[in-house]
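Take a look at the structure set out below.
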Amino acid sequence: MLVVKKFGGTSVADKDRIFNVANRCIEDYKKGSQVVVVLSAMGKQTDVLIDMAKDINPKAARRELDMLLTTGEQTSVALMAMAINALGYPAISMNAFQVAMHTTADYGGARIKRIDTDRIKNELDNRRIVVITGFQGINKYDDYTTLGRGGSDTTAVALAAALHADACEIYTDVDGVFTADPRIVPKARKLNEITYDEMLELASLGAGVLHNRSVEMAKKYGVQLVVRSSLNTSEGTVVKEESNMEKMLVSGVAADKNVVQIAVENLPNKPGVAFKLFHHLANHNVNVDMIIQSVEHDSTQDICFTVTEDMAETAIETLKRHSNSSLKGSHVTVTRDVAKVSVVGAGMMSNAGVAAKMFEALYDAGVNILQISTSEIRVTVLIERKYTETAAQAVHDAFSLDD
Ligand code: ASP
Ligand code: MG
C-alpha cells in the first residue's frame, strides 16, 4: 500500500503540530505502508514571505518571488524529516528540484507537467518516509516556480497519480467538506462523500477546502481523495467520481462575498459588441462570471456580469477607456455590495424544481435576486451582500441539509 498524505499550513504550524503529523505518518509506516508526505509552509509563512518581499520591492520579479516562497515549504519538509528521525524512524526530505517536479515556466502560476518518480520510489523501497515540498516546481530554465496559492493540494494529487498511490489523503484543520461554511450556516453538516464535479463547483465558489486544480487533476486521473482533519481521527469526506451512498438532490450551499457586479448599459445592438467587450477584458486577464445580456430596447442593450474584487478596478478602467471607441456610447455602473449564493448537487441533473425551491426559500426570507446563473449541477443567485447569511441559511433549511 502506497499512501500520499498532504498536510496544510495549520497542521504543521508549530513544534507540537509537526510531531503530531510525524506520528500520524509513522502509524501508516508501522503498518507496512509506503508513505509519501506533502507539506505546505508552516502556518502563515507564505503570507509572511510575501509581505517581506513587498517591503523590499513592491514590484519584485516573479522569479525572485518564487525563489523566496519555495523556502517556506523547504523549511517544513526538513523539520518534518528531523521530527520523524527524532521519533526513531527513517525519513528523507526532498524539494521540487531533488524530485524533480517539472512545471511550465509561469512563475507564480505554474502547472505540473511531469514528475520523475525514480528517486522517490528508491527511497520508499529503502523503507524511508519521503517528505516532499508542496506548491513548488522547477521549469525548463532550472528555476523554481510555484503553483499558485493553495497549490500544495495539487502537488499531492499529482504525486498520487504519478506514483499510482492507493490513497491520497488531504489533511486540514476542519473535519472535511461541509454542506455550507459553518461560520455562515452554524448547522452545516459534514458530508461523507461528494463527487468531483460538485467539489469543483464548490471550490470555484469559494468553499476553499481544496485547490481547484487539485480536484480537476484528481478527476482526470481518477485519484480518489479523502479530506480530513489532522487534529482528530474522524473519517473525513471522500471525493470521487460518483457518490452513491447519499443520493442527495443538493449537497451543499456556497456563499461568496468576493463579488462585484458590473453593468455596461447602452451598448449598440449589433454583431461583435459582446465579442469586443469581453475581448478587451480578456486582454487584461479579467475573469468574468454570471454574464447576462438584456433584450433590446431603443436599439441598445445592456450586458451585465460579475468579477472578483481584485479584478474590479482593471475591468472598470478597461471598459471606460473603450466607451469612446469600440464600445461607443456605453456607460458602466458598478455595484459592490453584492454576494453569490449557490446550491450545488449532482442530483439536479435528473430532478426538476431545484431552482424553484431555492427561489421560494429566498422569497420567504425576503431576499431579492439581482441576477441568476446556472450550470448542470448548480444554481447561483446574486443578492445584496448584507443578506448573505440570511440567504444561505434559508436555502440550507429549504433543502433540509441541517444536522
Ligand atoms: N504555502 C502555499 C500557500 O500558502 C501553498 C499551500 O499552502 O498550499 O498558498
Ligand atoms: Mg489549502
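Chain labels A, B, ... are given in the sequence in which chains occur in the C-alpha cells; within each chain residues are numbered consecutively from 1, and ligands are likewise numbered from 1 in the order shown.
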
With DSSP run on the backbone, what are the helix (DSSP H, G or I) residues within range 68-229 of chain A? I'd like them as number ranges by chain. A: 68-86, 96-99, 118-125, 152-162, 196-204, 212-221

Within 12 Å of ligand 2, which residues show up when you count only C-alpha atoms and all ligand atoms? List them as number ranges by chain, please. A: 6-11, 38-44, 46, 134-135, 148-156, 170-174, 203, 206-214, 227

Residues within 10 Å of Gly88 in chain A, only C-alpha atoms, excluding chain neighbours under 5 positions, as a PyMOL selection string: chain A and resi 26+82-83

If you run DSSP on this backbone, which residues of range 2-211 of chain A come out as strand (DSSP E or B), and could you give them as a ChimeraX atom specification? /A:2-7,34-39,91-94,101-103,112-115,129-133,136-138,144-146,167-172,178,190,193-195

Find the residues near Gly176 in chain A: any atom within 7 Å, counting only C-alpha atoms, skip ones fewer than 6 places away on the same chain, and give them as a compact mmCIF listing (two decimals) with N, CA, C and O atoms, in the first residue's frame.
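Result went into selection13.txt, see below:
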```txt
# COMPACT_ATOMS: atom_id res chain seq x y z
N LYS A 190 -21.19 17.77 8.09
CA LYS A 190 -20.09 17.21 7.30
C LYS A 190 -20.63 16.16 6.34
O LYS A 190 -21.46 15.35 6.71
N VAL A 227 -10.63 14.10 2.33
CA VAL A 227 -10.33 15.35 3.03
C VAL A 227 -10.66 15.12 4.49
O VAL A 227 -11.80 14.78 4.83
N ARG A 228 -9.68 15.27 5.37
CA ARG A 228 -9.95 15.01 6.79
C ARG A 228 -9.10 15.87 7.71
O ARG A 228 -8.17 16.55 7.25
N SER A 229 -9.40 15.83 8.98
CA SER A 229 -8.70 16.70 9.93
C SER A 229 -7.40 16.06 10.41
O SER A 229 -7.35 14.85 10.65
N GLY A 236 -13.68 12.01 7.78
CA GLY A 236 -13.48 12.92 6.66
C GLY A 236 -14.47 12.72 5.53
O GLY A 236 -15.46 12.00 5.67
N THR A 237 -14.21 13.39 4.41
CA THR A 237 -15.09 13.34 3.24
C THR A 237 -14.34 12.72 2.07
O THR A 237 -13.22 13.13 1.77
```

For Met290 in chain A, the nearest of the candidates A:Ser373, A:Ser234, A:Lys276, A:Gly252, counting only C-alpha atoms: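 Going through A:Ser373, A:Ser234, A:Lys276, A:Gly252 one by one, the smallest distance to Met290 in chain A is for A:Ser373.
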
Among listed residues A:Val157, A:Leu249, A:Cys25, A:Met358, nearest ligand 1 (using only C-alpha atoms and all ligand atoms): A:Val157

Interatomic distance between CA of Pro58 in chain A and CA of Ala312 in chain A?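 We find that CA of Pro58 in chain A and CA of Ala312 in chain A lie 20.5 Å from each other.
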
Find the spatial neighbours of Val77 in chain A, counting only C-alpha atoms, within a cut-off of 6 Å - ignore same-chain residues fewer than 2 positions away - and output them as a ChimeraX atom specification. /A:74-75,79-80,93,131

Let me see the file: selected residues, all heavy atoms, as a PDB file, in the first residue's frame.
```pdb
ATOM      1  N   GLN A  74      10.256  24.391   2.009  1.00  0.00           N
ATOM      2  CA  GLN A  74      11.528  23.691   2.272  1.00  0.00           C
ATOM      3  C   GLN A  74      11.804  23.597   3.774  1.00  0.00           C
ATOM      4  O   GLN A  74      12.316  22.604   4.264  1.00  0.00           O
ATOM      5  CB  GLN A  74      12.669  24.395   1.541  1.00  0.00           C
ATOM      6  CG  GLN A  74      13.887  23.505   1.432  1.00  0.00           C
ATOM      7  CD  GLN A  74      14.824  23.956   0.331  1.00  0.00           C
ATOM      8  OE1 GLN A  74      14.393  24.292  -0.759  1.00  0.00           O
ATOM      9  NE2 GLN A  74      16.111  23.973   0.628  1.00  0.00           N
ATOM     10  N   THR A  75      11.435  24.648   4.491  1.00  0.00           N
ATOM     11  CA  THR A  75      11.575  24.625   5.950  1.00  0.00           C
ATOM     12  C   THR A  75      10.727  23.510   6.553  1.00  0.00           C
ATOM     13  O   THR A  75      11.200  22.717   7.374  1.00  0.00           O
ATOM     14  CB  THR A  75      11.108  25.978   6.554  1.00  0.00           C
ATOM     15  OG1 THR A  75      11.839  27.027   5.925  1.00  0.00           O
ATOM     16  CG2 THR A  75      11.307  26.015   8.049  1.00  0.00           C
ATOM     17  N   LEU A  79      12.196  20.115   8.639  1.00  0.00           N
ATOM     18  CA  LEU A  79      11.849  19.927  10.050  1.00  0.00           C
ATOM     19  C   LEU A  79      11.059  18.637  10.256  1.00  0.00           C
ATOM     20  O   LEU A  79      11.247  17.935  11.252  1.00  0.00           O
ATOM     21  CB  LEU A  79      11.048  21.137  10.569  1.00  0.00           C
ATOM     22  CG  LEU A  79      11.849  22.448  10.675  1.00  0.00           C
ATOM     23  CD1 LEU A  79      10.928  23.602  11.051  1.00  0.00           C
ATOM     24  CD2 LEU A  79      12.985  22.316  11.689  1.00  0.00           C
ATOM     25  N   MET A  80      10.193  18.305   9.308  1.00  0.00           N
ATOM     26  CA  MET A  80       9.395  17.076   9.439  1.00  0.00           C
ATOM     27  C   MET A  80      10.293  15.838   9.395  1.00  0.00           C
ATOM     28  O   MET A  80      10.109  14.910  10.205  1.00  0.00           O
ATOM     29  CB  MET A  80       8.348  17.007   8.327  1.00  0.00           C
ATOM     30  CG  MET A  80       7.395  15.843   8.438  1.00  0.00           C
ATOM     31  SD  MET A  80       6.471  15.850   9.989  1.00  0.00           S
ATOM     32  CE  MET A  80       5.523  17.352   9.779  1.00  0.00           C
ATOM     33  N   SER A  93      13.772  14.283   3.331  1.00  0.00           N
ATOM     34  CA  SER A  93      13.019  15.383   2.730  1.00  0.00           C
ATOM     35  C   SER A  93      13.538  15.643   1.323  1.00  0.00           C
ATOM     36  O   SER A  93      14.708  15.395   1.026  1.00  0.00           O
ATOM     37  CB  SER A  93      13.170  16.643   3.581  1.00  0.00           C
ATOM     38  OG  SER A  93      14.528  17.054   3.579  1.00  0.00           O
ATOM     39  N   VAL A 131       9.370  12.897   2.457  1.00  0.00           N
ATOM     40  CA  VAL A 131       8.662  14.145   2.764  1.00  0.00           C
ATOM     41  C   VAL A 131       8.962  15.173   1.675  1.00  0.00           C
ATOM     42  O   VAL A 131      10.122  15.567   1.483  1.00  0.00           O
ATOM     43  CB  VAL A 131       9.106  14.701   4.138  1.00  0.00           C
ATOM     44  CG1 VAL A 131       8.165  15.822   4.571  1.00  0.00           C
ATOM     45  CG2 VAL A 131       9.142  13.601   5.193  1.00  0.00           C
TER      46      VAL A 131
END
```
